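Colleague: Just run31.cif, nothing more (mmCIF, C-alpha atoms):
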```cif
data_upload
#
loop_
_atom_site.label_atom_id
_atom_site.label_comp_id
_atom_site.auth_asym_id
_atom_site.auth_seq_id
_atom_site.Cartn_x
_atom_site.Cartn_y
_atom_site.Cartn_z
CA MET A 766 17.41 45.83 -10.92
CA ASN A 767 19.08 42.49 -10.79
CA ILE A 768 21.29 42.71 -7.77
CA THR A 769 20.82 39.07 -6.88
CA SER A 770 22.19 37.88 -10.16
CA THR A 771 25.17 40.29 -9.96
CA ILE A 772 26.05 38.96 -6.56
CA LEU A 773 25.59 35.39 -7.63
CA GLN A 774 28.04 35.93 -10.47
CA LYS A 775 30.53 38.10 -8.70
CA GLN A 776 30.67 36.17 -5.47
CA LYS A 777 30.08 32.73 -6.89
CA LYS A 778 33.33 31.35 -5.59
CA LYS A 779 32.71 32.64 -2.10
CA ILE A 780 29.11 31.40 -1.98
CA LEU A 781 30.20 28.00 -3.20
CA GLU A 782 32.86 27.86 -0.53
CA ILE A 783 30.48 28.74 2.29
CA TRP A 784 27.82 26.43 0.92
CA LEU A 785 30.21 23.48 0.78
CA GLN A 786 31.39 24.31 4.28
CA ASN A 787 27.79 24.36 5.47
CA GLN A 788 27.08 21.03 3.86
CA LEU A 789 30.22 19.42 5.22
CA ALA A 790 29.68 20.87 8.66
CA ASP A 791 26.42 18.96 8.97
CA ASN A 792 27.15 16.00 11.17
CA ALA A 793 24.59 13.92 9.39
CA LEU A 794 26.42 14.10 6.04
CA ARG A 795 27.24 10.67 4.77
CA ASP A 796 30.66 10.84 3.13
CA ASP A 797 30.42 7.10 2.61
CA LEU A 798 27.63 7.65 0.10
CA MET A 799 29.19 10.49 -1.85
CA THR A 800 32.73 11.84 -2.12
CA ASN A 801 33.54 15.48 -1.46
CA ASP A 802 34.67 15.96 -5.06
CA GLU A 803 31.35 14.78 -6.36
CA LEU A 804 29.55 17.04 -3.94
CA SER A 805 31.49 20.14 -4.95
CA LYS A 806 31.06 19.39 -8.65
CA GLN A 807 27.33 18.99 -8.20
CA SER A 808 27.07 22.17 -6.14
CA ASP A 809 29.15 24.16 -8.66
CA GLU A 810 26.88 23.08 -11.49
CA LEU A 811 23.75 24.06 -9.61
CA LEU A 812 25.09 27.46 -8.63
CA ASP A 813 26.02 28.21 -12.25
CA ALA A 814 22.55 27.30 -13.40
CA LEU A 815 20.98 29.40 -10.66
CA ALA A 816 23.05 32.47 -11.62
CA ARG A 817 21.99 32.09 -15.24
CA ALA A 818 18.31 31.69 -14.36
CA VAL A 819 18.18 34.64 -11.99
CA LYS A 820 19.91 36.82 -14.61
CA SER A 821 16.80 36.52 -16.79
CA GLY A 822 14.93 38.60 -14.19
CA ASN A 823 12.47 35.89 -13.25
CA VAL A 824 12.66 35.17 -9.55
CA ASP A 825 9.10 34.03 -8.83
CA ASN A 826 8.06 31.38 -11.26
CA ILE A 827 10.31 28.36 -10.99
CA TYR A 828 8.23 26.53 -13.58
CA ALA A 829 9.42 28.92 -16.32
CA ALA A 830 11.85 27.77 -18.98
CA GLU A 831 14.83 29.56 -17.37
CA PHE A 832 14.56 27.34 -14.33
CA GLU A 833 14.27 24.11 -16.22
CA GLN A 834 17.95 23.34 -15.86
CA ILE A 835 17.87 23.95 -12.11
CA THR A 836 14.80 21.84 -11.49
CA ASP A 837 16.38 19.14 -13.63
CA ILE A 838 19.58 19.19 -11.59
CA LEU A 839 17.64 19.26 -8.32
CA SER A 840 15.33 16.42 -9.33
CA ASP A 841 18.33 14.46 -10.42
CA VAL A 842 20.12 15.09 -7.13
CA SER A 843 17.10 14.17 -5.01
CA ILE A 844 16.24 11.03 -6.94
CA THR A 845 19.82 9.78 -6.83
CA ARG A 846 19.99 10.56 -3.13
CA ALA A 847 16.69 8.80 -2.46
CA ARG A 848 17.99 5.70 -4.22
CA GLN A 849 21.35 5.88 -2.46
CA GLY A 850 19.57 5.90 0.88
CA PHE A 851 20.15 9.49 2.00
CA SER A 852 17.83 10.68 4.73
CA PRO A 853 15.24 13.41 3.98
CA ARG A 854 17.20 15.73 6.31
CA GLU A 855 20.38 15.37 4.28
CA THR A 856 18.57 16.00 1.04
CA ALA A 857 16.73 19.06 2.34
CA THR A 858 19.92 20.44 3.88
CA TYR A 859 21.47 20.49 0.42
CA VAL A 860 19.22 23.32 -0.82
CA LEU A 861 18.57 25.00 2.50
CA SER A 862 22.27 25.44 3.23
CA LEU A 863 22.61 27.26 -0.10
CA LYS A 864 20.10 29.80 1.15
CA LYS A 865 22.20 30.34 4.24
CA ALA A 866 25.32 30.81 2.13
CA ILE A 867 23.77 33.34 -0.24
CA CYS A 868 22.21 35.29 2.62
CA SER A 869 25.47 35.56 4.53
CA VAL A 870 27.32 36.82 1.45
CA MET A 871 24.57 39.38 0.81
CA GLU A 872 24.67 40.52 4.37
CA GLU A 873 28.36 41.28 4.04
CA GLU A 874 27.85 43.06 0.75
CA TYR A 875 24.95 45.30 1.79
CA GLN A 876 25.69 45.92 5.45
CA ASP A 877 25.03 49.62 5.05
CA ARG A 878 21.81 49.33 3.06
CA PRO A 879 19.37 47.37 5.22
CA GLU A 880 16.35 48.17 3.10
CA LEU A 881 17.85 46.72 -0.03
CA LEU A 882 19.27 43.82 1.90
CA TYR A 883 15.84 42.95 3.26
CA LYS A 884 14.25 43.08 -0.17
CA GLU A 885 16.90 40.93 -1.81
CA ILE A 886 16.94 38.39 0.98
CA SER A 887 13.19 37.95 0.83
CA VAL A 888 13.48 37.35 -2.92
CA ILE A 889 16.14 34.70 -2.37
CA ASN A 890 14.12 33.19 0.47
CA ASN A 891 11.06 32.80 -1.67
CA LEU A 892 13.01 31.35 -4.56
CA LEU A 893 14.95 28.81 -2.56
CA ASP A 894 11.90 27.75 -0.57
CA GLN A 895 10.23 26.84 -3.83
CA LEU A 896 13.32 24.97 -4.93
CA SER A 897 13.43 23.02 -1.68
CA ILE A 898 9.81 21.99 -2.19
CA ILE A 899 10.85 20.59 -5.56
CA THR A 900 13.70 18.72 -3.91
CA PHE A 901 11.35 17.24 -1.39
CA GLU A 902 8.74 16.25 -3.90
CA THR A 903 11.21 14.43 -6.07
CA PHE A 904 12.89 12.85 -3.08
CA ILE A 905 9.59 11.27 -2.06
CA LYS A 906 8.91 10.28 -5.65
CA GLY A 907 12.29 8.55 -5.69
CA ARG A 908 11.46 6.67 -2.51
CA GLU A 909 8.06 5.68 -3.86
CA GLU A 910 9.71 4.26 -6.95
CA VAL A 911 11.84 2.10 -4.68
CA ILE A 912 8.72 0.89 -2.86
CA LEU A 913 6.90 0.17 -6.12
CA ARG A 914 9.85 -1.85 -7.37
CA GLN A 915 9.86 -3.85 -4.16
CA THR A 916 6.11 -4.46 -4.45
CA ASP A 917 6.65 -5.88 -7.91
CA GLU A 918 9.43 -8.09 -6.61
CA ILE A 919 7.25 -9.36 -3.77
CA ASN A 920 4.44 -10.14 -6.20
CA GLU A 921 6.85 -12.01 -8.38
CA ILE A 922 8.42 -14.16 -5.70
CA SER A 923 5.30 -14.81 -3.69
CA THR A 924 3.38 -16.83 -6.27
CA PRO A 925 5.34 -19.98 -6.96
CA VAL A 926 3.71 -22.89 -8.78
CA ILE A 927 5.07 -26.17 -7.45
CA ARG A 928 4.82 -29.48 -9.24
CA VAL A 929 4.19 -31.87 -6.33
CA TRP A 930 3.48 -34.97 -8.38
CA ASP A 931 3.17 -36.02 -11.96
CA GLY A 932 0.08 -34.12 -13.12
CA ILE A 933 -0.50 -32.34 -9.79
CA LEU A 934 0.38 -28.67 -9.20
CA ALA A 935 0.29 -26.84 -5.88
CA LEU A 936 0.01 -23.08 -5.54
CA PRO A 937 0.45 -21.68 -2.05
CA ILE A 938 -1.02 -18.17 -1.89
CA ILE A 939 0.44 -15.97 0.83
CA GLY A 940 -0.86 -12.49 1.62
CA THR A 941 -3.86 -10.54 0.42
CA LEU A 942 -5.44 -11.63 -2.82
CA ASP A 943 -6.30 -8.45 -4.72
CA SER A 944 -7.06 -8.06 -8.42
CA ALA A 945 -3.43 -7.58 -9.43
CA ARG A 946 -2.29 -10.61 -7.43
CA THR A 947 -5.08 -12.76 -8.85
CA GLN A 948 -3.97 -11.84 -12.34
CA ILE A 949 -0.42 -13.00 -11.61
CA VAL A 950 -1.60 -16.16 -9.83
CA MET A 951 -3.93 -17.06 -12.68
CA GLU A 952 -1.32 -16.40 -15.36
CA ASN A 953 1.35 -18.47 -13.60
CA LEU A 954 -1.05 -21.31 -12.89
CA LEU A 955 -2.51 -21.53 -16.40
CA GLN A 956 0.94 -21.32 -17.98
CA GLU A 957 2.23 -24.07 -15.71
CA ILE A 958 -0.77 -26.28 -16.53
CA VAL A 959 0.17 -25.98 -20.20
CA ASN A 960 3.88 -26.54 -19.55
CA THR A 961 3.51 -29.61 -17.39
CA GLY A 962 0.30 -31.04 -18.80
CA SER A 963 -1.11 -31.27 -15.29
CA ASN A 964 -4.77 -31.97 -14.71
CA ILE A 965 -5.09 -31.16 -11.02
CA ALA A 966 -4.20 -27.86 -9.33
CA ILE A 967 -4.31 -27.26 -5.59
CA LEU A 968 -4.78 -23.64 -4.48
CA ASP A 969 -3.68 -23.36 -0.87
CA ILE A 970 -5.06 -20.30 0.90
CA SER A 971 -3.70 -20.95 4.42
CA GLY A 972 -1.57 -17.84 4.02
CA VAL A 973 -4.44 -15.53 3.05
CA PRO A 974 -5.34 -13.51 6.17
CA ALA A 975 -8.93 -12.61 5.26
CA VAL A 976 -11.34 -14.06 2.73
CA ASP A 977 -14.02 -11.53 1.80
CA SER A 978 -16.36 -11.59 -1.16
CA LEU A 979 -13.78 -9.98 -3.46
CA VAL A 980 -11.16 -12.62 -2.64
CA ALA A 981 -13.81 -15.34 -3.08
CA GLN A 982 -14.77 -13.89 -6.44
CA HIS A 983 -11.13 -13.96 -7.51
CA LEU A 984 -10.81 -17.59 -6.36
CA ILE A 985 -13.94 -18.60 -8.25
CA LYS A 986 -12.60 -16.92 -11.40
CA THR A 987 -9.28 -18.76 -11.08
CA VAL A 988 -11.09 -22.08 -10.62
CA SER A 989 -13.30 -21.46 -13.68
CA ALA A 990 -10.29 -20.56 -15.80
CA THR A 991 -8.49 -23.73 -14.67
CA ARG A 992 -11.53 -25.81 -15.56
CA LEU A 993 -11.63 -24.26 -19.02
CA MET A 994 -8.13 -25.62 -19.51
CA GLY A 995 -9.41 -29.08 -18.67
CA ALA A 996 -7.86 -29.26 -15.21
CA GLU A 997 -9.58 -29.70 -11.86
CA CYS A 998 -8.98 -27.27 -9.03
CA ILE A 999 -8.95 -28.00 -5.30
CA ILE A 1000 -8.90 -25.17 -2.75
CA SER A 1001 -7.16 -26.09 0.47
CA GLY A 1002 -6.25 -24.34 3.69
CA ILE A 1003 -9.74 -23.17 4.65
CA ARG A 1004 -9.51 -22.57 8.38
CA ALA A 1005 -12.44 -23.04 10.73
CA GLU A 1006 -13.05 -19.31 11.25
CA ILE A 1007 -12.83 -18.63 7.53
CA ALA A 1008 -15.35 -21.39 6.81
CA GLN A 1009 -17.83 -19.78 9.23
CA THR A 1010 -17.25 -16.35 7.73
CA ILE A 1011 -17.79 -17.60 4.18
CA VAL A 1012 -21.10 -19.19 5.21
CA HIS A 1013 -22.34 -15.98 6.86
CA LEU A 1014 -21.27 -13.90 3.90
CA GLY A 1015 -23.35 -16.16 1.70
CA ILE A 1016 -20.61 -17.15 -0.71
CA ASP A 1017 -21.42 -20.35 -2.57
CA LEU A 1018 -18.34 -22.53 -2.93
CA SER A 1019 -20.32 -25.77 -3.02
CA ASN A 1020 -19.39 -26.64 -6.58
CA ILE A 1021 -15.69 -26.24 -5.84
CA LYS A 1022 -13.70 -28.99 -4.15
CA THR A 1023 -12.39 -27.63 -0.86
CA LYS A 1024 -10.24 -29.18 1.86
CA ALA A 1025 -9.03 -28.01 5.25
CA SER A 1026 -5.36 -28.80 4.73
CA LEU A 1027 -2.89 -29.18 1.89
CA ALA A 1028 -2.29 -32.79 3.01
CA SER A 1029 -5.93 -33.79 2.59
CA ALA A 1030 -6.11 -31.94 -0.72
CA LEU A 1031 -3.09 -33.90 -1.91
CA GLN A 1032 -4.74 -37.11 -0.80
CA LEU A 1033 -7.85 -36.23 -2.79
CA ALA A 1034 -5.67 -35.39 -5.79
CA PHE A 1035 -3.96 -38.78 -5.51
CA SER A 1036 -7.23 -40.65 -5.42
CA MET A 1037 -8.53 -38.59 -8.36
CA SER A 1038 -5.54 -39.58 -10.46
CA ASN A 1039 -5.62 -43.17 -9.17
CA VAL A 1040 -2.34 -42.95 -7.29
CA GLU A 1041 -1.94 -44.82 -4.04
CA VAL A 1042 0.63 -43.92 -1.42
CA LYS A 1043 1.58 -46.69 1.01
CA LYS A 1044 3.93 -47.12 3.92
CA VAL A 1045 6.47 -49.79 3.14
CA GLN A 1046 8.07 -52.04 5.75
CA LYS A 1047 11.82 -51.75 5.40
CA ASN A 1048 14.42 -53.92 7.09
CA THR A 1049 17.57 -52.55 5.54
CA GLY A 1050 18.46 -50.41 8.50
CA PHE A 1051 18.11 -47.23 6.47
CA GLY A 1052 15.20 -44.85 6.19
CA ILE A 1053 12.05 -45.05 8.25
CA THR A 1054 11.43 -48.27 10.16
CA ARG A 1055 8.35 -48.85 12.19
CA MET B 617 -22.85 3.68 26.25
CA ILE B 618 -19.24 4.66 26.86
CA VAL B 619 -16.61 5.15 24.18
CA MET B 620 -13.27 3.92 25.47
CA THR B 621 -10.91 4.31 22.53
CA LYS B 622 -11.47 6.32 19.39
CA ASP B 623 -9.43 6.65 16.23
CA THR B 624 -9.97 7.72 12.63
CA MET B 625 -8.38 6.31 9.50
CA GLN B 626 -8.48 7.80 6.02
CA ILE B 627 -8.99 5.30 3.23
CA VAL B 628 -8.04 6.58 -0.21
CA ARG B 629 -6.21 3.77 -1.98
CA GLU B 630 -6.45 0.01 -2.24
CA GLN B 631 -3.15 -0.19 -0.36
CA ASP B 632 -4.93 1.24 2.71
CA VAL B 633 -7.12 -1.84 3.06
CA VAL B 634 -4.48 -4.11 4.62
CA PRO B 635 -3.26 -1.61 7.27
CA PHE B 636 -6.92 -0.87 8.06
CA ARG B 637 -7.74 -4.54 8.54
CA ASN B 638 -4.70 -4.92 10.79
CA ARG B 639 -5.90 -2.00 12.87
CA VAL B 640 -9.36 -3.58 13.23
CA ARG B 641 -7.69 -6.83 14.27
CA GLU B 642 -5.65 -4.91 16.87
CA TYR B 643 -8.86 -3.48 18.35
CA ALA B 644 -10.58 -6.87 18.35
CA VAL B 645 -7.60 -8.53 20.04
CA LYS B 646 -7.41 -5.73 22.59
CA ILE B 647 -10.89 -6.48 23.94
CA GLY B 648 -10.24 -10.22 23.84
CA MET B 649 -12.52 -11.23 20.99
CA SER B 650 -12.44 -14.87 19.95
CA LEU B 651 -10.78 -15.81 16.66
CA VAL B 652 -14.10 -16.52 14.92
CA ASN B 653 -15.57 -13.18 15.99
CA GLN B 654 -12.37 -11.38 15.00
CA THR B 655 -12.52 -12.92 11.55
CA LYS B 656 -16.21 -12.04 11.17
CA LEU B 657 -15.62 -8.42 12.12
CA ILE B 658 -12.54 -8.08 9.92
CA THR B 659 -14.29 -9.62 6.94
CA ALA B 660 -17.32 -7.33 7.34
CA ALA B 661 -15.00 -4.34 7.69
CA SER B 662 -13.11 -5.44 4.60
CA GLU B 663 -16.33 -5.66 2.58
CA LEU B 664 -17.45 -2.19 3.61
CA VAL B 665 -14.10 -0.57 3.07
CA ARG B 666 -13.86 -2.08 -0.39
CA ASN B 667 -17.34 -0.75 -1.21
CA MET B 668 -16.22 2.67 -0.04
CA LEU B 669 -13.15 2.56 -2.31
CA LYS B 670 -15.00 1.18 -5.30
CA TYR B 671 -18.12 3.35 -5.31
CA ALA B 672 -17.08 6.51 -3.46
CA SER B 673 -13.31 6.47 -4.21
CA GLY B 674 -12.51 6.48 -0.52
CA GLY B 675 -13.62 8.01 2.73
CA LYS B 676 -12.89 7.70 6.40
CA VAL B 677 -13.47 5.10 9.07
CA ILE B 678 -13.98 5.83 12.75
CA LEU B 679 -12.80 2.97 14.95
CA GLU B 680 -14.11 2.80 18.50
CA ILE B 681 -14.07 0.44 21.43
CA ILE B 682 -17.40 0.86 23.18
CA SER B 683 -18.97 -0.47 26.33
CA LYS B 684 -22.70 -0.91 26.92
CA ASN B 685 -24.57 -2.94 29.55
CA ALA B 686 -21.32 -4.55 30.76
CA GLN B 687 -20.48 -5.63 27.23
CA THR B 688 -17.46 -4.47 25.26
CA GLY B 689 -17.38 -4.28 21.52
CA VAL B 690 -15.82 -2.68 18.48
CA ARG B 691 -17.81 -0.12 16.53
CA LEU B 692 -16.75 0.95 13.07
CA THR B 693 -18.31 3.87 11.22
CA PHE B 694 -17.65 4.15 7.50
CA VAL B 695 -18.25 7.65 6.18
CA ASP B 696 -17.96 8.54 2.52
CA GLU B 697 -19.01 11.42 0.31
CA GLY B 698 -19.76 9.33 -2.72
CA PRO B 699 -22.83 9.18 -4.97
CA GLY B 700 -24.95 7.52 -2.26
CA ILE B 701 -27.36 4.61 -2.62
CA SER B 702 -30.77 5.40 -4.11
CA ASP B 703 -32.47 2.14 -3.13
CA ILE B 704 -31.06 0.75 0.10
CA LYS B 705 -33.53 -2.14 0.20
CA GLN B 706 -32.35 -3.30 -3.19
CA ALA B 707 -28.67 -2.85 -2.24
CA MET B 708 -29.22 -5.05 0.82
CA GLN B 709 -30.43 -7.97 -1.33
CA ASP B 710 -28.15 -10.93 -1.92
CA GLY B 711 -26.67 -10.91 -5.38
CA PHE B 712 -27.55 -7.33 -6.30
CA SER B 713 -24.59 -5.36 -7.57
CA THR B 714 -24.12 -2.36 -9.80
CA GLY B 715 -20.40 -3.07 -10.07
CA ARG B 716 -20.23 -6.62 -11.49
CA SER B 717 -19.23 -8.18 -8.18
CA LEU B 718 -20.91 -11.03 -6.28
CA GLY B 719 -23.32 -8.61 -4.62
CA LEU B 720 -22.71 -10.02 -1.17
CA GLY B 721 -20.78 -7.17 0.43
CA LEU B 722 -23.61 -5.28 2.18
CA PRO B 723 -25.97 -8.17 3.04
CA GLY B 724 -22.99 -10.38 3.97
CA ALA B 725 -21.52 -7.74 6.26
CA LYS B 726 -24.90 -7.38 7.94
CA ARG B 727 -25.04 -11.11 8.64
CA LEU B 728 -21.49 -11.14 9.98
CA VAL B 729 -21.86 -8.52 12.71
CA ASN B 730 -24.22 -7.95 15.64
CA GLU B 731 -25.43 -4.48 14.74
CA PHE B 732 -25.64 -2.92 11.32
CA ASP B 733 -26.95 0.47 10.28
CA ILE B 734 -26.87 2.17 6.91
CA GLN B 735 -27.81 5.76 6.07
CA SER B 736 -27.50 7.16 2.60
CA THR B 737 -28.50 10.27 0.75
CA PRO B 738 -28.05 10.21 -3.02
CA GLY B 739 -25.54 12.87 -4.01
CA THR B 740 -24.29 13.43 -0.47
CA GLY B 741 -22.80 10.18 0.70
CA THR B 742 -23.24 7.03 2.71
CA THR B 743 -22.59 6.19 6.37
CA VAL B 744 -22.48 2.59 7.52
CA THR B 745 -22.10 1.74 11.20
CA ILE B 746 -21.33 -1.78 12.40
CA THR B 747 -20.87 -3.05 15.94
CA HIS B 748 -19.58 -6.42 17.02
CA TRP B 749 -19.60 -7.42 20.69
CA LYS B 750 -16.86 -9.39 22.37
CA HIS B 751 -19.23 -12.28 23.08
CA GLY B 752 -21.30 -11.79 19.94
CA ARG B 753 -22.95 -14.86 18.51
#
```
In structure tokens, write the structure found in this file.
Modeller:
Amino acid sequence: MNITSTILQKQKKKILEIWLQNQLADNALRDDLMTNDELSKQSDELLDALARAVKSGNVDNIYAAEFEQITDILSDVSITRARQGFSPRETATYVLSLKKAICSVMEEEYQDRPELLYKEISVINNLLDQLSIITFETFIKGREEVILRQTDEINEISTPVIRVWDGILALPIIGTLDSARTQIVMENLLQEIVNTGSNIAILDISGVPAVDSLVAQHLIKTVSATRLMGAECIISGIRAEIAQTIVHLGIDLSNIKTKASLASALQLAFSMSNVEVKKVQKNTGFGITR
Amino acid sequence: MIVMTKDTMQIVREQDVVPFRNRVREYAVKIGMSLVNQTKLITAASELVRNMLKYASGGKVILEIISKNAQTGVRLTFVDEGPGISDIKQAMQDGFSTGRSLGLGLPGAKRLVNEFDIQSTPGTGTTVTITHWKHGR
């Protein structure tokens, strides 16, 4: 029964040749991302695995054990390509051009038996369509991994804790404050309070685009946690429109010290820790003279 | 009443909240809403969309620019197929929450916008419609 597998074995060299030609003929192929040797080695491996799998007689269920090796190779190929920056078209072409190669070899082989040819080609079609779905799925998974990694990186770099003065920390928050962000902000802040022995922390929310009740709840939690550590928290950067919104929403921030700008929050922090900042008249010719 | 622009957005994950808010801002800017009104509308929308994600694990939002009596405004309709709200009166009270939050989402959103309507059938889902006019108070 297994004509497909016979052809795959007998004509392997020819199929591989046509397939590689197909792949190389595609104008979009990026030879800067992968050498031709690598490509032919990868293709050879896949074709071998395919011949072995089809030999078992299973041509419908690609989730069976015989196809494990193929799906492994394909997943591997797509994930590497996703990471290397291949386009979806290039990755899909990889499997789809194999279909073209096998079909053209079959056509040559069974020119005089159209009925058989039709049956075999539809089998191959079905099989390779399923394989290309796998390729696509894993390609997208690969891309999503890249995005997730970047999200983590953004979270990491976007929550710096700055020591602005002896005993005073500033924490500019930029972007949306969701539960995950709050966790990172709180952890960094509390750790830094311990490390530096600070007793005042300024949370600046000028970079937070919208303050809704969830964000407010997160802020209140952060302030309570800071207070438990014996430090005082000032929230700065509350813009006029945000102040109005908070009032309408009914959020009670009255027992939290809030300021409109980071500068006024810093001033409050100075007066709380009995520090005075003065302008000094200088006549040396250097620095600021007024 | 005339609907000038209409669009639908599916909300299924928390990551959809920020693009959704940006879209609402786009609509508000398009009709020339003031910054305070923009912020009010966006905050109300943010509350409702978060409710939708938290209690109904997502749904869809219909965004419209509407015109009535020579006024332009943005109308947002939040449709979900979640468990529904059994006691709307209770849900509209300040500080009532079944999900350990501040309990200000629904009543707060109502105070932030010009028009607010909520329909809910337990077991079927909830639809919240809010409208904010360009020159809303």
Colleague: Counting all atoms listed in the file, collect the residues of chain B whose closest atom lies at most 12 Å from chain A, and write them out as a ChimeraX atom specification.
Modeller: /B:630-631,633-635,637-638,641,650-667,670,709-711,715-729,753
Colleague: Would you mind reading off the distance between atom CA of Val677 of chain B and atom CA of Arg629 of chain B, one decimal, in Å?
Modeller: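 The value is 13.3 Å.
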Colleague: For segment 732-737 of chain B, work out the shell of residues within 12 Å, counting all atoms listed in the file and skipping chain neighbours fewer than 2 positions away, then give it as a short mmCIF file (atom, residue, chain, number, x, y, z; two decimals) with C-alpha atoms, in the coordinates of the input.
Modeller:
```cif
data_model
loop_
_atom_site.label_atom_id
_atom_site.label_comp_id
_atom_site.auth_asym_id
_atom_site.auth_seq_id
_atom_site.Cartn_x
_atom_site.Cartn_y
_atom_site.Cartn_z
CA LEU B 657 -15.62 -8.42 12.12
CA ALA B 660 -17.32 -7.33 7.34
CA ALA B 661 -15.00 -4.34 7.69
CA LEU B 664 -17.45 -2.19 3.61
CA ARG B 691 -17.81 -0.12 16.53
CA LEU B 692 -16.75 0.95 13.07
CA THR B 693 -18.31 3.87 11.22
CA PHE B 694 -17.65 4.15 7.50
CA VAL B 695 -18.25 7.65 6.18
CA ASP B 696 -17.96 8.54 2.52
CA GLU B 697 -19.01 11.42 0.31
CA GLY B 698 -19.76 9.33 -2.72
CA PRO B 699 -22.83 9.18 -4.97
CA GLY B 700 -24.95 7.52 -2.26
CA ILE B 701 -27.36 4.61 -2.62
CA SER B 702 -30.77 5.40 -4.11
CA ASP B 703 -32.47 2.14 -3.13
CA ILE B 704 -31.06 0.75 0.10
CA LYS B 705 -33.53 -2.14 0.20
CA ALA B 707 -28.67 -2.85 -2.24
CA MET B 708 -29.22 -5.05 0.82
CA LEU B 722 -23.61 -5.28 2.18
CA PRO B 723 -25.97 -8.17 3.04
CA GLY B 724 -22.99 -10.38 3.97
CA ALA B 725 -21.52 -7.74 6.26
CA LYS B 726 -24.90 -7.38 7.94
CA ARG B 727 -25.04 -11.11 8.64
CA LEU B 728 -21.49 -11.14 9.98
CA VAL B 729 -21.86 -8.52 12.71
CA ASN B 730 -24.22 -7.95 15.64
CA GLY B 739 -25.54 12.87 -4.01
CA THR B 740 -24.29 13.43 -0.47
CA GLY B 741 -22.80 10.18 0.70
CA THR B 742 -23.24 7.03 2.71
CA THR B 743 -22.59 6.19 6.37
CA VAL B 744 -22.48 2.59 7.52
CA THR B 745 -22.10 1.74 11.20
CA ILE B 746 -21.33 -1.78 12.40
CA THR B 747 -20.87 -3.05 15.94
CA HIS B 748 -19.58 -6.42 17.02
#
```
Colleague: Evaluate the PyMOL selection byres ((chain A and resi 824) around 10) and record the selected residues as a list in words, following the chain and residue labels used in the document.
Modeller: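 When the PyMOL selection byres ((chain A and resi 824) around 10) is applied, the selected residues are Asn767, Thr769, Ser770, Ala818, Val819, Lys820, Ser821, Gly822, Asn823, Asp825, Asn826, Ile827, Ala829, Glu831, Phe832, Val888, Ile889, Asn891, Leu892 and Leu893 of chain A.
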Colleague: Go through the shown structure with the PyMOL selection byres ((chain A and resi 882) around 12) and write out the matching residues as a ChimeraX atom specification.
Modeller: /A:768-769,772,867-881,883-890
Colleague: Using only C-alpha atoms, which residues sit within 12 Å of Glu921 of chain A once same-chain residues fewer than 3 positions away are excluded, as an mmCIF file with C-alpha atoms, keeping the file's coordinate frame?
Modeller:
```
data_model
loop_
_atom_site.group_PDB
_atom_site.id
_atom_site.type_symbol
_atom_site.label_atom_id
_atom_site.label_comp_id
_atom_site.auth_asym_id
_atom_site.auth_seq_id
_atom_site.Cartn_x
_atom_site.Cartn_y
_atom_site.Cartn_z
ATOM 1 C CA ARG A 914 9.850 -1.850 -7.370
ATOM 2 C CA GLN A 915 9.860 -3.850 -4.160
ATOM 3 C CA THR A 916 6.110 -4.460 -4.450
ATOM 4 C CA ASP A 917 6.650 -5.880 -7.910
ATOM 5 C CA GLU A 918 9.430 -8.090 -6.610
ATOM 6 C CA THR A 924 3.380 -16.830 -6.270
ATOM 7 C CA PRO A 925 5.340 -19.980 -6.960
ATOM 8 C CA VAL A 926 3.710 -22.890 -8.780
ATOM 9 C CA ILE A 938 -1.020 -18.170 -1.890
ATOM 10 C CA ILE A 939 0.440 -15.970 0.830
ATOM 11 C CA ALA A 945 -3.430 -7.580 -9.430
ATOM 12 C CA ARG A 946 -2.290 -10.610 -7.430
ATOM 13 C CA THR A 947 -5.080 -12.760 -8.850
ATOM 14 C CA GLN A 948 -3.970 -11.840 -12.340
ATOM 15 C CA ILE A 949 -0.420 -13.000 -11.610
ATOM 16 C CA VAL A 950 -1.600 -16.160 -9.830
ATOM 17 C CA GLU A 952 -1.320 -16.400 -15.360
ATOM 18 C CA ASN A 953 1.350 -18.470 -13.600
#
```
Colleague: If you apply the PyMOL selection byres ((chain A and resi 1033) around 12) to this file, what residues do you get, as a list of chain:residue names?
Modeller: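 Given this file, the PyMOL selection byres ((chain A and resi 1033) around 12) evaluates to A:Ile933, A:Ile965, A:Ala966, A:Ile967, A:Glu997, A:Cys998, A:Ile999, A:Ile1000, A:Ser1001, A:Lys1022, A:Thr1023, A:Lys1024, A:Ala1025, A:Ser1026, A:Leu1027, A:Ala1028, A:Ser1029, A:Ala1030, A:Leu1031, A:Gln1032, A:Ala1034, A:Phe1035, A:Ser1036, A:Met1037, A:Ser1038, A:Asn1039, A:Val1040, A:Glu1041, A:Val1042.
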Colleague: Using the file's own x, y and z axes, so that the box edges lie along x, y and z, what centre and edge lengths in Å (one decimal) does a box around every listed atom of segment 700-704 of chain B get when 5 Å is added on each side? Give it as JSON.
Modeller:
```
{"center_x": -28.7, "center_y": 4.1, "center_z": -2.0, "size_x": 17.5, "size_y": 16.8, "size_z": 14.2}
```
Colleague: Leaving out Thr987 of chain A and any residue of its chain fewer than 3 positions from it, which residues lie within 6 Å of it when counting only C-alpha atoms, given as a PyMOL selection string?
Modeller: chain A and resi 951+984+990
Colleague: In Å, with one decimal, what is the gap from atom CA of Leu781 of chain A to atom CA of Arg817 of chain A?
Modeller: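 If I compute the distance from atom CA of Leu781 of chain A to atom CA of Arg817 of chain A, I get 15.1 Å.
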Colleague: Residues at most 10 Å from Lys906 of chain A, counting all atoms listed in the file, excluding those fewer than 5 positions away in the same chain, as a ChimeraX atom specification?
Modeller: /A:840,843-844,847,900-901,911-912
